[in-house]
Amino acid sequence: MSTSPADRNILSTPSSDEPRSAKPSFARRLLRSARSLPVLVAFVVLALVVFLAIFAPWLGTTDPIAIDPGSRFASSSAVHWFGSDAFGRDVYSRLLHGARVSLIVGLGATFASVLLGLVIGVFAGYFPRVDAVVMRVMDGVMAIPSILLAIALVSLTGATLVTVLVAIIVPEIPRVVRLVRSVILNVRSEAYVEAAILLGTPMWRMLTRHMVPNTVAPLIVQGTFIFASAILTEATLSFLGAGLPSEIPSWGNMMADGRTYFQLYPGLVLYPGIVLALTLLSSNIIGDVLRDLLDPKMAKRT
Amino acid sequence: MSNLHKAEAHGVSPVLEVRDLSVSLVGDNSIGVVRCVSFAVRPGETVCVVGESGSGKSVTSFAVMGLLSPNELACSGGEILLEGENVLQAGPERLRALRASTMAMIFQEPMSALNPVETVGKQIEEVLSIHKNQSKRERRERVLAMLEAVHLPDPKRIYNSYPHQLSGGQRQRVVICIALILEPKLLIADEPTTALDVTTQKQILLLIRELQEKHNTAVLFITHDFGVVADIADRVVVMNRGEVVEVGSREQILSAPRERYTRMLISSVPSLQPEPREPNDNEIVLAVSGLSKTYDQRRFWKKEHVVHAAADIDLTLRKGEILAVVGESGSGKSTVARCIVRLQDPSAREITICGENMATVRGQALHQMRKRVQMVFQDPFRSLNPRVSVGESIIEGLINFGTPHKTACQRARDLMHLVGLPADALERFPHQFSGGQRQRICIARALAPEPDVLIADEAVSALDVSVQAQVLALLDDIRMKTSVGVLFITHDLRVAAQICDTIMVMRQGRMVEFGPAAEILTAPRQAYTQALLDAAPGRHWDFQKFGPIQ
């Protein structure tokens, strides 16, 4: 969105030689944005998913792996709220424990890729010589299709949570690196950074005090999108059979198991599918809200 | 002006009449951005609306054009009569018809007013094809004639050029073309020359005047620069904080302002007459000889192209002296400053600060040299880290150079006193301060390591005149008290005249003239310096004495 000189003039406060009016605090602006219905729903859905995942064992669930040949394809009842699957496992319990897997994968991938990307990006942005090499490597990593990389990793090392996480994190890192690098390159030409150079500020303090804090806001925004995409990738991999072992309750595994019986028992695919879709939608909406709040350049004018 | 007298004599009705206009924030009528503004513009007359930033002058002009952003600002009262028609009542269709045909606007930044992906000719033609029913050929001929009329060289080439291929002055001429091609009755110019160099500014002002006389256009000219007012205004509207302070003829406002605010504002404009200064024969703190900076533009197929940002610069700065480096944009004055402080590495050089060569040192030696020379930057809103408290910013350098924390804090308090801010400002954050206060903080930060040389890179250019006067006085005061040598980079000859002992004029990376301020400003030896002086707006007027320069 372009800002013409005119916009700037119009938005200026009564006199230039008064402090510019401070914006309302971040928390207040977040609360204000929650007044819109979709945003409110998104927050509620995500909070609910987190709640269900944390308290899964105490919410009337049974062992999600326990096979009960006696009650295959049970329809919903007081015992099996959402019915049971082809092995007689309780769908409700598997859904809740699946949320745990999804959240662990989502949060793990987010934190790991943001941290690694931050470190690499800061060094690439700060040292032009490192930049030339690191960014070409990152271009290379970006060229590998992420699903292909995941399948290759799983077939080499076996399907474990760590393998799946690595398969999700590696393709995300270059995106974070590019983001961080661009922020650092921008800040380098800020007058306050140049002033700090003249004041003899050593590299470490320059980074921690003047540069890295600028990356926090864009990283929070990027993090919510990584979170959503990690959950989706995990579900995709599990669905393809290249993810977690099939007995582990993950939404992708549930859909893969239920696929064969979809016409007879659509709930086996629909329940995990709907929960997955709602979770992704919510975190994307929240990501958009955060972007509007933290990154005014991208925000639509309100 | 003859037009004006004619108009008044015949009682010609005004083209634009603003009556009790009030603009307020949407959803909050209590805060008036503009309150009860009234003035009129007659055919052939130039009315200057002048005020500091935030005075509401731009909002007023936007209200006239119907360009107020509908979600933020709304007219809450009064009327705007354009040839008797109330613009505030006009619907969007009518407004579109009025714009360009009856009223037109030119903006401050010509690059953002033009579409970068279309040729200049097409953009001018667009106005014609929307508002007039003409054949393609007629349109093209009209555009070429108009390009000729604004004195653009080789109109056919310009017609097919893209905005980035033109200079700033040429772009502004193109914008003027677009604004005036339908011969509107009213031209609103919102700081149209602020982004341009003085010599270009003078040409644009002359052009506007010429076209105005040809078509008897009424001009509403928004500016912050009293020099421009003195050159072009017939009548002046002085605004402050959304209200009209004073309306009067140019002579009355400039020589006998009625209101205190107007007096203060006008007397803040620095005089072009340098004050007599004692010759300075203190020790030399900074000696630069043969400083050059070149950039290689590497092209893929073509041969390397070498740009000389600065070539063979020699200068000396003595203790307690203020030396101005004056030049237009692209003259290399900032490059010189950045090479001296080693934000850039000079290509060929000798920079001596207190007898030690700074141009070639590296590592720890450079770190030790850093505290000898400090810098104050142009934009006070970007030169302080918004996340760090003022106190932390000021002691940062001292801590880096090994001063204990307690001593550093004491020094910070002393510095606050020196720059005229309360000591409790140290705990606050930059956003709690105004532009002028921030620049004071930046000066305090630069003075903290007790440098021998202070470089001020356009340090007062972003400030309003009244604040600018205060900061200049502060710099002069600091020079007296600390006898630091100041290298003052500026594009503004008035500022240079106000504060400097010596002046160096630069052009295209080279030194044109170097000498005592009085000599350069009153009897320049070089033609370019003379041209710069001639182009300075309002040079015949001594604002501080409210009278013409004898």
# chains A, B, ... in the order shown; residues from 1 in each chain; ligands from 1
>>> residues_around(residues="Phe227 in chain A", least_positions_apart="6", cutoff="12 Å", atoms="only C-alpha atoms", output="tab-separated table (two decimals) with all heavy atoms, in the first residue's frame")
chain	number	residue	atom	x	y	z
A	46	LEU	N	-8.75	-22.06	18.97
A	46	LEU	CA	-7.37	-22.44	19.26
A	46	LEU	C	-7.19	-22.72	20.75
A	46	LEU	O	-6.52	-23.68	21.14
A	46	LEU	CB	-6.42	-21.33	18.79
A	46	LEU	CG	-5.09	-21.85	18.25
A	46	LEU	CD1	-5.31	-22.79	17.09
A	46	LEU	CD2	-4.21	-20.69	17.81
A	102	SER	N	-0.32	-32.97	17.09
A	102	SER	CA	-0.29	-31.82	16.18
A	102	SER	C	0.34	-30.61	16.85
A	102	SER	O	1.17	-29.91	16.24
A	102	SER	CB	-1.71	-31.45	15.74
A	102	SER	OG	-2.19	-32.43	14.87
A	103	LEU	N	-0.03	-30.35	18.11
A	103	LEU	CA	0.51	-29.17	18.78
A	103	LEU	C	2.00	-29.32	19.02
A	103	LEU	O	2.76	-28.36	18.86
A	103	LEU	CB	-0.22	-28.93	20.10
A	103	LEU	CG	-1.65	-28.39	19.95
A	103	LEU	CD1	-2.22	-28.04	21.31
A	103	LEU	CD2	-1.67	-27.16	19.06
A	104	ILE	N	2.42	-30.55	19.41
A	104	ILE	CA	3.86	-30.75	19.64
A	104	ILE	C	4.62	-30.51	18.35
A	104	ILE	O	5.62	-29.78	18.32
A	104	ILE	CB	4.13	-32.18	20.17
A	104	ILE	CG1	3.63	-32.28	21.61
A	104	ILE	CG2	5.61	-32.52	20.09
A	104	ILE	CD1	3.63	-33.70	22.14
A	105	VAL	N	4.11	-31.07	17.26
A	105	VAL	CA	4.79	-30.88	15.97
A	105	VAL	C	4.77	-29.40	15.58
A	105	VAL	O	5.79	-28.83	15.20
A	105	VAL	CB	4.12	-31.73	14.88
A	105	VAL	CG1	4.62	-31.33	13.50
A	105	VAL	CG2	4.39	-33.20	15.13
A	106	GLY	N	3.60	-28.76	15.72
A	106	GLY	CA	3.47	-27.36	15.32
A	106	GLY	C	4.40	-26.47	16.12
A	106	GLY	O	5.19	-25.71	15.56
A	107	LEU	N	4.32	-26.58	17.46
A	107	LEU	CA	5.15	-25.71	18.30
A	107	LEU	C	6.63	-26.04	18.14
A	107	LEU	O	7.47	-25.14	18.00
A	107	LEU	CB	4.73	-25.86	19.76
A	107	LEU	CG	3.37	-25.26	20.10
A	107	LEU	CD1	2.99	-25.55	21.55
A	107	LEU	CD2	3.37	-23.76	19.84
A	108	GLY	N	6.95	-27.33	18.12
A	108	GLY	CA	8.36	-27.74	17.99
A	108	GLY	C	8.96	-27.20	16.71
A	108	GLY	O	10.03	-26.59	16.71
A	109	ALA	N	8.23	-27.41	15.61
A	109	ALA	CA	8.76	-26.95	14.32
A	109	ALA	C	8.90	-25.44	14.31
A	109	ALA	O	9.89	-24.90	13.81
A	109	ALA	CB	7.84	-27.40	13.19
A	110	THR	N	7.90	-24.75	14.89
A	110	THR	CA	7.95	-23.29	14.89
A	110	THR	C	9.16	-22.78	15.65
A	110	THR	O	9.97	-22.00	15.13
A	110	THR	CB	6.68	-22.71	15.52
A	110	THR	OG1	5.55	-23.27	14.86
A	110	THR	CG2	6.64	-21.21	15.39
A	111	PHE	N	9.30	-23.26	16.90
A	111	PHE	CA	10.42	-22.74	17.71
A	111	PHE	C	11.76	-23.09	17.08
A	111	PHE	O	12.65	-22.24	16.98
A	111	PHE	CB	10.32	-23.28	19.13
A	111	PHE	CG	9.36	-22.50	19.96
A	111	PHE	CD1	8.16	-23.06	20.38
A	111	PHE	CD2	9.62	-21.17	20.30
A	111	PHE	CE1	7.25	-22.33	21.12
A	111	PHE	CE2	8.71	-20.43	21.04
A	111	PHE	CZ	7.52	-21.02	21.46
A	112	ALA	N	11.90	-24.33	16.64
A	112	ALA	CA	13.19	-24.73	16.09
A	112	ALA	C	13.53	-23.94	14.84
A	112	ALA	O	14.64	-23.41	14.71
A	112	ALA	CB	13.18	-26.23	15.79
A	113	SER	N	12.57	-23.82	13.91
A	113	SER	CA	12.91	-23.14	12.66
A	113	SER	C	13.12	-21.64	12.89
A	113	SER	O	13.99	-21.04	12.27
A	113	SER	CB	11.86	-23.39	11.58
A	113	SER	OG	10.59	-23.07	12.07
A	114	VAL	N	12.33	-21.05	13.80
A	114	VAL	CA	12.52	-19.63	14.07
A	114	VAL	C	13.89	-19.38	14.72
A	114	VAL	O	14.63	-18.47	14.32
A	114	VAL	CB	11.38	-19.08	14.97
A	114	VAL	CG1	11.76	-17.75	15.58
A	114	VAL	CG2	10.12	-18.92	14.15
A	165	LEU	N	9.79	-34.03	12.49
A	165	LEU	CA	10.10	-32.64	12.83
A	165	LEU	C	11.21	-32.10	11.93
A	165	LEU	O	11.10	-31.01	11.38
A	165	LEU	CB	10.52	-32.53	14.30
A	165	LEU	CG	9.38	-32.33	15.30
A	165	LEU	CD1	9.90	-32.35	16.71
A	165	LEU	CD2	8.65	-31.03	15.01
A	168	ILE	N	10.08	-31.28	8.58
A	168	ILE	CA	9.27	-30.06	8.48
A	168	ILE	C	10.13	-28.81	8.66
A	168	ILE	O	9.96	-27.80	7.99
A	168	ILE	CB	8.13	-30.08	9.53
A	168	ILE	CG1	7.16	-31.21	9.19
A	168	ILE	CG2	7.40	-28.76	9.56
A	168	ILE	CD1	6.15	-31.47	10.28
A	169	ILE	N	11.10	-28.90	9.60
A	169	ILE	CA	11.90	-27.72	9.95
A	169	ILE	C	12.82	-27.30	8.80
A	169	ILE	O	12.90	-26.12	8.46
A	169	ILE	CB	12.72	-28.00	11.23
A	169	ILE	CG1	11.79	-28.12	12.42
A	169	ILE	CG2	13.73	-26.90	11.47
A	169	ILE	CD1	12.44	-28.74	13.62
A	172	GLU	N	11.52	-25.01	6.22
A	172	GLU	CA	11.03	-23.73	6.73
A	172	GLU	C	12.17	-22.75	7.00
A	172	GLU	O	11.98	-21.53	6.93
A	172	GLU	CB	10.24	-23.93	8.04
A	172	GLU	CG	8.88	-24.57	7.88
A	172	GLU	CD	7.88	-23.68	7.15
A	172	GLU	OE1	8.18	-22.49	6.94
A	172	GLU	OE2	6.82	-24.19	6.78
A	219	LEU	N	8.90	-12.05	13.22
A	219	LEU	CA	9.05	-13.48	13.50
A	219	LEU	C	7.81	-14.04	14.18
A	219	LEU	O	7.45	-15.19	13.93
A	219	LEU	CB	10.28	-13.71	14.38
A	219	LEU	CG	11.62	-13.72	13.63
A	219	LEU	CD1	12.76	-14.01	14.59
A	219	LEU	CD2	11.61	-14.74	12.51
A	220	ILE	N	7.16	-13.25	15.03
A	220	ILE	CA	5.92	-13.73	15.65
A	220	ILE	C	4.88	-14.02	14.57
A	220	ILE	O	4.24	-15.06	14.55
A	220	ILE	CB	5.38	-12.68	16.65
A	220	ILE	CG1	6.28	-12.64	17.88
A	220	ILE	CG2	3.95	-13.02	17.07
A	220	ILE	CD1	5.89	-11.57	18.88
A	221	VAL	N	4.78	-13.09	13.62
A	221	VAL	CA	3.82	-13.27	12.53
A	221	VAL	C	4.17	-14.51	11.71
A	221	VAL	O	3.34	-15.38	11.47
A	221	VAL	CB	3.80	-12.01	11.64
A	221	VAL	CG1	2.89	-12.23	10.46
A	221	VAL	CG2	3.36	-10.81	12.44
A	233	THR	N	1.64	-30.11	7.27
A	233	THR	CA	2.62	-31.02	6.67
A	233	THR	C	2.65	-32.35	7.41
A	233	THR	O	2.72	-33.42	6.80
A	233	THR	CB	4.02	-30.37	6.70
A	233	THR	OG1	3.93	-29.06	6.18
A	233	THR	CG2	5.00	-31.18	5.90
A	234	GLU	N	2.59	-32.28	8.77
A	234	GLU	CA	2.58	-33.53	9.55
A	234	GLU	C	1.38	-34.38	9.16
A	234	GLU	O	1.51	-35.59	8.93
A	234	GLU	CB	2.56	-33.19	11.04
A	234	GLU	CG	2.63	-34.39	11.96
A	234	GLU	CD	1.24	-34.95	12.25
A	234	GLU	OE1	0.28	-34.18	12.40
A	234	GLU	OE2	1.13	-36.19	12.30
A	279	THR	N	-8.46	-25.82	13.13
A	279	THR	CA	-7.21	-25.40	13.78
A	279	THR	C	-6.37	-24.54	12.83
A	279	THR	O	-5.86	-23.48	13.21
A	279	THR	CB	-6.41	-26.64	14.22
A	279	THR	OG1	-7.27	-27.51	14.92
A	279	THR	CG2	-5.24	-26.25	15.08
A	280	LEU	N	-6.22	-25.01	11.59
A	280	LEU	CA	-5.41	-24.27	10.63
A	280	LEU	C	-6.02	-22.90	10.34
A	280	LEU	O	-5.32	-21.88	10.33
A	280	LEU	CB	-5.30	-25.06	9.31
A	280	LEU	CG	-4.58	-26.38	9.39
A	280	LEU	CD1	-4.49	-27.01	8.01
A	280	LEU	CD2	-3.17	-26.18	9.94
A	281	LEU	N	-7.32	-22.88	10.13
A	281	LEU	CA	-8.00	-21.62	9.83
A	281	LEU	C	-7.80	-20.63	10.98
A	281	LEU	O	-7.45	-19.47	10.77
A	281	LEU	CB	-9.48	-21.89	9.60
A	281	LEU	CG	-10.31	-20.71	9.07
A	281	LEU	CD1	-9.77	-20.29	7.72
A	281	LEU	CD2	-11.78	-21.09	8.97
A	282	SER	N	-7.97	-21.14	12.20
A	282	SER	CA	-7.84	-20.25	13.35
A	282	SER	C	-6.44	-19.68	13.44
A	282	SER	O	-6.27	-18.46	13.63
A	282	SER	CB	-8.15	-21.00	14.65
A	282	SER	OG	-9.44	-21.51	14.58
A	283	SER	N	-5.43	-20.53	13.29
A	283	SER	CA	-4.08	-19.98	13.47
A	283	SER	C	-3.73	-19.05	12.32
A	283	SER	O	-3.00	-18.08	12.51
A	283	SER	CB	-3.04	-21.08	13.65
A	283	SER	OG	-3.15	-22.01	12.63
A	284	ASN	N	-4.29	-19.29	11.14
A	284	ASN	CA	-4.03	-18.35	10.05
A	284	ASN	C	-4.70	-17.01	10.30
A	284	ASN	O	-4.13	-15.95	10.01
A	284	ASN	CB	-4.49	-18.92	8.71
A	284	ASN	CG	-3.46	-19.87	8.14
A	284	ASN	OD1	-2.28	-19.78	8.46
A	284	ASN	ND2	-3.91	-20.81	7.32
A	286	ILE	N	-5.40	-15.73	13.20
A	286	ILE	CA	-4.64	-15.04	14.25
A	286	ILE	C	-3.34	-14.49	13.68
A	286	ILE	O	-2.91	-13.38	14.01
A	286	ILE	CB	-4.40	-16.00	15.43
A	286	ILE	CG1	-5.73	-16.23	16.14
A	286	ILE	CG2	-3.37	-15.44	16.41
A	286	ILE	CD1	-5.72	-17.35	17.12
A	287	GLY	N	-2.73	-15.25	12.77
A	287	GLY	CA	-1.52	-14.75	12.12
A	287	GLY	C	-1.78	-13.44	11.38
A	287	GLY	O	-1.01	-12.50	11.46
>>> residues_around(residues="range 268-271 of chain A", least_positions_apart="4", cutoff="10 Å", atoms="only C-alpha atoms", output="list in words")
Phe73, Phe82, Gly83, Ser84, Asp85, Ala86, Val91, Tyr92, Leu95, Trp251, Gly252, Asn253, Met254, Met255, Ala256, Asp257, Gly258, Arg259, Thr260, Tyr261, Phe262, Gln263, Leu264, Val275 and Leu276 of chain A
>>> residues_around(residues="range 280-282 of chain B", least_positions_apart="2", cutoff="9 Å", atoms="only C-alpha atoms", output="list of chain:residue names")
B:Arg277, B:Glu278, B:Ile284, B:Val285, B:Arg318, B:Lys319, B:Gly320, B:Glu321, B:Asp501
>>> closest_residue(among="A:Asp68, A:Glu247, A:Glu194, A:Asp139", to="chain B", atoms="only C-alpha atoms")
A:Glu194
>>> select_by_dssp(residues="range 156-278 of chain A", states="alpha helix (DSSP H)", output="PyMOL selection string")
chain A and resi 156-157+161-188+191-198+203-205+213-240+251-258+267-278
>>> write_last_selection(atoms="C-alpha atoms", output="PDB file, in the first residue's frame")
ATOM      1  CA  LEU A 156      16.396 -43.567   5.499  1.00  0.00           C
ATOM      2  CA  THR A 157      15.942 -43.256   9.246  1.00  0.00           C
ATOM      3  CA  LEU A 161       8.650 -37.836  15.726  1.00  0.00           C
ATOM      4  CA  VAL A 162      12.171 -36.421  15.381  1.00  0.00           C
ATOM      5  CA  THR A 163      12.416 -37.400  11.720  1.00  0.00           C
ATOM      6  CA  VAL A 164       9.067 -35.800  10.986  1.00  0.00           C
ATOM      7  CA  LEU A 165      10.105 -32.635  12.829  1.00  0.00           C
ATOM      8  CA  VAL A 166      13.400 -32.430  10.935  1.00  0.00           C
ATOM      9  CA  ALA A 167      11.576 -32.971   7.670  1.00  0.00           C
ATOM     10  CA  ILE A 168       9.273 -30.058   8.479  1.00  0.00           C
ATOM     11  CA  ILE A 169      11.899 -27.722   9.945  1.00  0.00           C
ATOM     12  CA  VAL A 170      14.530 -27.915   7.209  1.00  0.00           C
ATOM     13  CA  PRO A 171      12.381 -26.448   4.410  1.00  0.00           C
ATOM     14  CA  GLU A 172      11.033 -23.727   6.732  1.00  0.00           C
ATOM     15  CA  ILE A 173      14.451 -22.412   7.773  1.00  0.00           C
ATOM     16  CA  PRO A 174      15.341 -20.612   4.505  1.00  0.00           C
ATOM     17  CA  ARG A 175      12.133 -18.599   4.664  1.00  0.00           C
ATOM     18  CA  VAL A 176      12.893 -17.428   8.201  1.00  0.00           C
ATOM     19  CA  VAL A 177      16.501 -16.703   7.212  1.00  0.00           C
ATOM     20  CA  ARG A 178      15.393 -14.495   4.331  1.00  0.00           C
ATOM     21  CA  LEU A 179      12.990 -12.613   6.579  1.00  0.00           C
ATOM     22  CA  VAL A 180      15.525 -12.009   9.344  1.00  0.00           C
ATOM     23  CA  ARG A 181      18.247 -11.092   6.880  1.00  0.00           C
ATOM     24  CA  SER A 182      16.079  -8.491   5.193  1.00  0.00           C
ATOM     25  CA  VAL A 183      15.201  -6.930   8.547  1.00  0.00           C
ATOM     26  CA  ILE A 184      18.854  -6.795   9.583  1.00  0.00           C
ATOM     27  CA  LEU A 185      19.902  -5.309   6.241  1.00  0.00           C
ATOM     28  CA  ASN A 186      17.234  -2.631   6.653  1.00  0.00           C
ATOM     29  CA  VAL A 187      18.192  -1.775  10.219  1.00  0.00           C
ATOM     30  CA  ARG A 188      21.872  -1.509   9.276  1.00  0.00           C
ATOM     31  CA  ALA A 191      20.642   6.356  11.712  1.00  0.00           C
ATOM     32  CA  TYR A 192      20.582   4.968  15.247  1.00  0.00           C
ATOM     33  CA  VAL A 193      22.647   1.955  14.187  1.00  0.00           C
ATOM     34  CA  GLU A 194      25.156   4.223  12.459  1.00  0.00           C
ATOM     35  CA  ALA A 195      25.277   6.349  15.591  1.00  0.00           C
ATOM     36  CA  ALA A 196      25.988   3.206  17.611  1.00  0.00           C
ATOM     37  CA  ILE A 197      28.838   2.307  15.232  1.00  0.00           C
ATOM     38  CA  LEU A 198      30.347   5.727  15.840  1.00  0.00           C
ATOM     39  CA  MET A 203      29.162  -6.395  17.691  1.00  0.00           C
ATOM     40  CA  TRP A 204      27.389  -8.452  20.327  1.00  0.00           C
ATOM     41  CA  ARG A 205      25.677  -5.472  21.946  1.00  0.00           C
ATOM     42  CA  PRO A 213      14.685  -6.707  18.692  1.00  0.00           C
ATOM     43  CA  ASN A 214      13.471  -5.482  15.309  1.00  0.00           C
ATOM     44  CA  THR A 215      13.041  -9.046  14.112  1.00  0.00           C
ATOM     45  CA  VAL A 216      10.708 -10.079  16.935  1.00  0.00           C
ATOM     46  CA  ALA A 217       7.494  -8.704  15.452  1.00  0.00           C
ATOM     47  CA  PRO A 218       7.909 -10.180  11.967  1.00  0.00           C
ATOM     48  CA  LEU A 219       9.055 -13.475  13.501  1.00  0.00           C
ATOM     49  CA  ILE A 220       5.921 -13.731  15.653  1.00  0.00           C
ATOM     50  CA  VAL A 221       3.821 -13.265  12.534  1.00  0.00           C
ATOM     51  CA  GLN A 222       5.894 -15.713  10.515  1.00  0.00           C
ATOM     52  CA  GLY A 223       5.780 -18.141  13.447  1.00  0.00           C
ATOM     53  CA  THR A 224       1.987 -18.424  13.370  1.00  0.00           C
ATOM     54  CA  PHE A 225       2.130 -19.325   9.691  1.00  0.00           C
ATOM     55  CA  ILE A 226       4.902 -21.866  10.259  1.00  0.00           C
ATOM     56  CA  PHE A 227       2.796 -23.339  13.072  1.00  0.00           C
ATOM     57  CA  ALA A 228      -0.156 -23.857  10.733  1.00  0.00           C
ATOM     58  CA  SER A 229       1.932 -25.168   7.885  1.00  0.00           C
ATOM     59  CA  ALA A 230       3.820 -27.600  10.174  1.00  0.00           C
ATOM     60  CA  ILE A 231       0.560 -29.105  11.428  1.00  0.00           C
ATOM     61  CA  LEU A 232      -0.635 -29.456   7.865  1.00  0.00           C
ATOM     62  CA  THR A 233       2.620 -31.017   6.671  1.00  0.00           C
ATOM     63  CA  GLU A 234       2.583 -33.526   9.550  1.00  0.00           C
ATOM     64  CA  ALA A 235      -0.999 -34.495   8.680  1.00  0.00           C
ATOM     65  CA  THR A 236      -0.044 -34.804   5.011  1.00  0.00           C
ATOM     66  CA  LEU A 237       2.964 -37.003   5.783  1.00  0.00           C
ATOM     67  CA  SER A 238       0.960 -39.232   8.121  1.00  0.00           C
ATOM     68  CA  PHE A 239      -1.802 -39.511   5.562  1.00  0.00           C
ATOM     69  CA  LEU A 240       0.728 -40.566   2.935  1.00  0.00           C
ATOM     70  CA  TRP A 251      -5.075 -36.576  12.642  1.00  0.00           C
ATOM     71  CA  GLY A 252      -3.294 -37.545   9.454  1.00  0.00           C
ATOM     72  CA  ASN A 253      -3.108 -41.217  10.513  1.00  0.00           C
ATOM     73  CA  MET A 254      -6.792 -41.217  11.462  1.00  0.00           C
ATOM     74  CA  MET A 255      -7.770 -39.904   8.046  1.00  0.00           C
ATOM     75  CA  ALA A 256      -5.488 -42.405   6.326  1.00  0.00           C
ATOM     76  CA  ASP A 257      -7.044 -45.305   8.292  1.00  0.00           C
ATOM     77  CA  GLY A 258     -10.588 -44.094   7.750  1.00  0.00           C
ATOM     78  CA  GLY A 267     -17.107 -39.760  10.390  1.00  0.00           C
ATOM     79  CA  LEU A 268     -13.732 -41.541  10.524  1.00  0.00           C
ATOM     80  CA  VAL A 269     -12.374 -39.015   8.014  1.00  0.00           C
ATOM     81  CA  LEU A 270     -14.652 -36.069   8.707  1.00  0.00           C
ATOM     82  CA  TYR A 271     -14.034 -35.668  12.457  1.00  0.00           C
ATOM     83  CA  PRO A 272     -10.226 -35.351  12.217  1.00  0.00           C
ATOM     84  CA  GLY A 273     -10.579 -33.420   8.944  1.00  0.00           C
ATOM     85  CA  ILE A 274     -12.881 -30.806  10.443  1.00  0.00           C
ATOM     86  CA  VAL A 275     -10.773 -30.390  13.557  1.00  0.00           C
ATOM     87  CA  LEU A 276      -7.639 -30.020  11.417  1.00  0.00           C
ATOM     88  CA  ALA A 277      -9.266 -27.472   9.133  1.00  0.00           C
ATOM     89  CA  LEU A 278     -10.598 -25.415  12.053  1.00  0.00           C
TER      90      LEU A 278
END
>>> atom_distance(atom1="CA of Glu396 in chain B", atom2="CA of Val119 in chain A")
24.5 Å
>>> interface_residues(of="chain B", to="chain A", cutoff="7 Å", atoms="only C-alpha atoms", output="ChimeraX atom specification")
/B:53-55,58-59,108-109,112,241,367,370-371,374,377,382-385,397,400,431-436
>>> closest_residue(among="B:Ile549, B:Val465, B:Leu475, B:Val388", to="Ala444 in chain B", atoms="only C-alpha atoms")
B:Leu475
>>> residues_around(residues="His80 in chain A", least_positions_apart="5", cutoff="9 Å", atoms="only C-alpha atoms", output="MDAnalysis selection string")
chainID A and resid 74:75 89:93
>>> residues_around(residues="Leu81 in chain B", least_positions_apart="6", cutoff="8 Å", atoms="only C-alpha atoms", output="VMD selection string")
chain B and resid 15 to 19 87
>>> residues_around(residues="Pro69 in chain A", least_positions_apart="3", cutoff="8 Å", atoms="only C-alpha atoms", output="PyMOL selection string")
chain A and resi 72+87-88
>>> select_by_dssp(residues="range 293-445 of chain B", states="strand (DSSP E or B)", output="ChimeraX atom specification")
/B:293-297,305-318,322-326,348,351-353,356-357,373-376
>>> residues_around(residues="Leu426 in chain B", least_positions_apart="6", cutoff="7 Å", atoms="only C-alpha atoms", output="ChimeraX atom specification")
/B:389-391
>>> atom_distance(atom1="CA of Arg94 in chain A", atom2="CA of Val50 in chain A")
15.0 Å
>>> closest_residue(among="B:Gly56, B:Gly420, B:Pro537, B:Gly91", to="Leu272 in chain B", atoms="only C-alpha atoms")
B:Pro537
>>> atom_distance(atom1="CA of Glu183 in chain B", atom2="CA of Ser101 in chain B")
6.8 Å
